[in-house]
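For reference, the structure discussed in these notes is given below.
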Amino acid sequence: MNAGPGRLTAIGLVHLLAGILAPAAVFAIFFLAPAEKTMGPVQRILYLHVAVAWFALGACLVTGMAAGGYLLTRRPAWDHWSCAAAETGWLAATLTLISGSLWARAAWNTWWTWDPRLTTVFLLWALYSAGLLIRAAAPDAQRGARLAAVVAVVALVDLPLIFLATRWFRGMHPVAPAMPAVMRAVMGLGAAGFGLVLLLLLVHRRAQLGAAHRLDLLEWEANDGESDRGLCRSLDGSRALCGAPGVAPAPAPQAYRDAGKCLPAARR
Amino acid sequence: MRKLVFLIAKDLLGEWRLPRVWPAMVLVGLVVAAALTLPLEVLPEQKRQLGPALLWVAILLAAMLAVERSFASEQQEGAWEGLRMYPLSMAAVYLAKLGANVLAVVALQALLVPLFAVLTGLPLGTHPVALMAVVVLGNVAIASLGTLLSALAMGLRQLPGAVALLLLPAGVPVVLAAAEGTRLAAEPTLAPMFWRWLQFLGVFAAVFVAAGIVLVDFAVEE
């Protein structure tokens, strides 16, 4: 349902909240949060670090669950969610590693150490990266979506095991450290503000993938003319390449094959 | 069950007639073992501490060669099309490939475990049954995950090393658990933590055998 002028939609509300909370978080980090006694200003990295780390874990969950939905239903919408969550999750995991490394340099006098939590996030990042590479390397978009979905489900099953295995080793990474209430509040504000910005990135990327998919279907229909060349209705009501009974499915046009690629589809 | 045995025998017979994967796997295992242990200029006690982790890294790296070829080898001379004509589900094909891979990794472990005991001075005979349990579960865990990834990599000829890209990060929990289990099995008394790592390996193996049976259909779909 389209919202009329002046009506606030859910996504509009998220935009509004992100627009308020993200700048407020930046302000609070630099001007409200007290400087930590031993580390000084470098400790402020923590507020960004926690937010992106939580988002990376959440995005991994969304990627795996949407991938499962795609494998079960083959609705392109599930793949668009999975693809968008994988991309934004990869970005958040990368930011987690970089911000953590900068913090570690100040706190532990080293850029990197094989601490259980650091190792876990690195493995999460490696699995995200492998999933994106596999999607990009697939010969067509449908196969890429299917193989990336299998990888996402494997990663979803594997991640709790990675967490469990690494948690049984003692590490240096702080777990729920004691901090003043104002620091805790700023951390919550940072998690909400930065998390909402990343969530908007995810939602817009999904919408972009969906729009590219619809456009490619329209182009295909315009080029082929008739709908009896193997077009039919899929579960989500969109036309899919499933073929009418007794009719060989029409070959997918190049534009359709590119539509599901994570990288922006090249327009011809 | 009989069909499953025939499929495993088919893979083993192919390897017997034209040995390619097993010799390469064993050679890589030996080279990795030498590369990891010989340059270690550390105290004997430290060598014993490091030994189990190095052993399982060597097993994972060498086993990768065997598992990544298990589905790829079917792509030659229309073998895959022939296999698809068998009255068998893809889950049964996965289990057969898993069986052949488990046997390949058994051969590798039979060589590498005693070799590491000699090279690092690790007293692996302290609790032989406990060690055997770790070796078997670690084997099934690596082989089940690797076989599924091998099926997935069949559709990715443009991406060399796809199995390694996934197996190395996803297999880290197995290496950690198996290395800790092996280390604890070499201690004079079995610590309670040993059973925790063993359970973990069992859960990992069970989860990935189940995941392989469910997901293999999606991984190889034409």
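The chains in the structure tokens are called A, B, ... from first to last as shown; in each chain the residues are counted from 1, and the ligands are counted from 1 in the order shown.
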When you get a sec, could you note down which chain B residues fall within 8 Å of chain A, using only C-alpha atoms, as a JSON list (two decimals) with N, CA and C atoms, in the first residue's frame?
[["chain", "number", "residue", "atom", "x", "y", "z"],
["B", 152, "LEU", "N", 29.14, -28.66, -3.88],
["B", 152, "LEU", "CA", 28.83, -27.26, -4.19],
["B", 152, "LEU", "C", 29.80, -26.69, -5.22],
["B", 155, "GLY", "N", 29.60, -26.73, -9.45],
["B", 155, "GLY", "CA", 29.02, -25.70, -10.32],
["B", 155, "GLY", "C", 29.85, -24.44, -10.38],
["B", 156, "LEU", "N", 31.07, -24.50, -9.90],
["B", 156, "LEU", "CA", 31.90, -23.28, -9.83],
["B", 156, "LEU", "C", 33.25, -23.50, -10.48],
["B", 158, "GLN", "N", 34.65, -21.74, -12.54],
["B", 158, "GLN", "CA", 35.38, -20.47, -12.74],
["B", 158, "GLN", "C", 36.08, -20.01, -11.47],
["B", 159, "LEU", "N", 35.84, -20.70, -10.36],
["B", 159, "LEU", "CA", 36.44, -20.26, -9.09],
["B", 159, "LEU", "C", 37.34, -21.37, -8.55],
["B", 162, "ALA", "N", 37.54, -23.19, -4.54],
["B", 162, "ALA", "CA", 36.30, -22.86, -3.82],
["B", 162, "ALA", "C", 36.17, -23.69, -2.55],
["B", 165, "LEU", "N", 38.40, -22.26, 0.11],
["B", 165, "LEU", "CA", 37.86, -20.99, 0.60],
["B", 165, "LEU", "C", 36.85, -21.20, 1.72],
["B", 166, "LEU", "N", 36.08, -22.28, 1.60],
["B", 166, "LEU", "CA", 35.03, -22.53, 2.59],
["B", 166, "LEU", "C", 35.46, -23.49, 3.68],
["B", 169, "PRO", "N", 37.90, -21.84, 6.72],
["B", 169, "PRO", "CA", 37.25, -21.15, 7.86],
["B", 169, "PRO", "C", 36.19, -21.99, 8.55],
["B", 170, "ALA", "N", 35.41, -22.75, 7.77],
["B", 170, "ALA", "CA", 34.32, -23.52, 8.40],
["B", 170, "ALA", "C", 34.86, -24.72, 9.19],
["B", 172, "VAL", "N", 37.61, -24.75, 11.02],
["B", 172, "VAL", "CA", 38.43, -24.37, 12.19],
["B", 172, "VAL", "C", 37.92, -24.99, 13.50],
["B", 173, "PRO", "N", 36.59, -25.01, 13.74],
["B", 173, "PRO", "CA", 36.13, -25.62, 15.00],
["B", 173, "PRO", "C", 36.58, -27.08, 15.15],
["B", 176, "LEU", "N", 40.27, -27.10, 16.12],
["B", 176, "LEU", "CA", 40.41, -26.71, 17.53],
["B", 176, "LEU", "C", 40.02, -27.86, 18.46],
["B", 177, "ALA", "N", 38.83, -28.43, 18.20],
["B", 177, "ALA", "CA", 38.32, -29.48, 19.09],
["B", 177, "ALA", "C", 39.18, -30.74, 19.01],
["B", 204, "PHE", "N", 29.41, -31.76, 15.90],
["B", 204, "PHE", "CA", 29.82, -31.20, 14.61],
["B", 204, "PHE", "C", 29.63, -32.24, 13.50],
["B", 207, "VAL", "N", 25.88, -32.84, 12.88],
["B", 207, "VAL", "CA", 25.22, -31.68, 12.24],
["B", 207, "VAL", "C", 25.60, -31.62, 10.76],
["B", 211, "ALA", "N", 23.34, -31.93, 7.58],
["B", 211, "ALA", "CA", 23.29, -30.78, 6.66],
["B", 211, "ALA", "C", 23.64, -31.23, 5.24],
["B", 215, "LEU", "N", 21.24, -30.63, 2.19],
["B", 215, "LEU", "CA", 21.64, -29.54, 1.28],
["B", 215, "LEU", "C", 22.24, -30.03, -0.04],
["B", 218, "PHE", "N", 20.38, -29.27, -3.24],
["B", 218, "PHE", "CA", 20.43, -27.88, -3.70],
["B", 218, "PHE", "C", 21.80, -27.55, -4.28],
["B", 219, "ALA", "N", 22.84, -28.20, -3.72],
["B", 219, "ALA", "CA", 24.20, -27.86, -4.16],
["B", 219, "ALA", "C", 24.49, -28.35, -5.57]]
| message | Using only C-alpha atoms, which protein or nucleic acid residues come within 12 Å of Val42 of chain A? Drop anything in the same chain fewer than 4 positions from it, and give the result as a list of chain:residue names. | response | A:Ile29, A:Phe30, A:Pro34, A:Ala35, A:Glu36, A:Lys37, A:Thr38, A:Leu46, A:Tyr47, A:Leu48, A:His49, A:Ser99, A:Gly100, A:Ser101, A:Leu102, A:Trp103, A:Ala104, A:Arg105, A:Ala106, A:Ala107
| request: Could you tell me which of B:Ala141, B:Met1, B:Ala63, B:Leu50 comes closest to Leu30 of chain B if we count only C-alpha atoms? | output: B:Ala63
| field | Neighbour list for Val135 of chain B as a list in words, cut-off 10 Å, only C-alpha atoms, skip fewer than 5 positions in-chain | value |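 My list of contacting residues is Trp56, Val105, Val106, Gln109, Ala110, Val113, Val129, Ala130, Val140, Ala141, Ala178, Ala179, Gly181, Thr182, Leu198 and Leu201 of chain B.
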Selection above as a file: C-alpha atoms, as a PDB file, in the first residue's frame:
ATOM      1  CA  TRP B  56      45.187 -31.624  12.721  1.00  0.00           C
ATOM      2  CA  VAL B 105      41.177 -39.743   5.511  1.00  0.00           C
ATOM      3  CA  VAL B 106      41.594 -42.975   7.553  1.00  0.00           C
ATOM      4  CA  GLN B 109      45.523 -40.526   9.588  1.00  0.00           C
ATOM      5  CA  ALA B 110      47.089 -44.007   9.787  1.00  0.00           C
ATOM      6  CA  VAL B 113      49.233 -39.822  13.620  1.00  0.00           C
ATOM      7  CA  VAL B 129      40.621 -45.655  22.951  1.00  0.00           C
ATOM      8  CA  ALA B 130      40.145 -41.972  23.724  1.00  0.00           C
ATOM      9  CA  VAL B 140      33.853 -37.798   9.921  1.00  0.00           C
ATOM     10  CA  ALA B 141      33.538 -34.068  10.741  1.00  0.00           C
ATOM     11  CA  ALA B 178      40.333 -32.360  17.646  1.00  0.00           C
ATOM     12  CA  ALA B 179      43.647 -30.741  18.609  1.00  0.00           C
ATOM     13  CA  GLY B 181      41.034 -33.706  22.361  1.00  0.00           C
ATOM     14  CA  THR B 182      44.302 -35.190  21.084  1.00  0.00           C
ATOM     15  CA  LEU B 198      34.670 -35.168  22.201  1.00  0.00           C
ATOM     16  CA  LEU B 201      33.277 -33.230  17.679  1.00  0.00           C
TER      17      LEU B 201
END
| message | If you run DSSP on the backbone here, which positions in segment 37-251 of chain A get strand (DSSP E or B)? Please write them as a PyMOL selection string. | response | chain A and resi 40+232-233+239-240
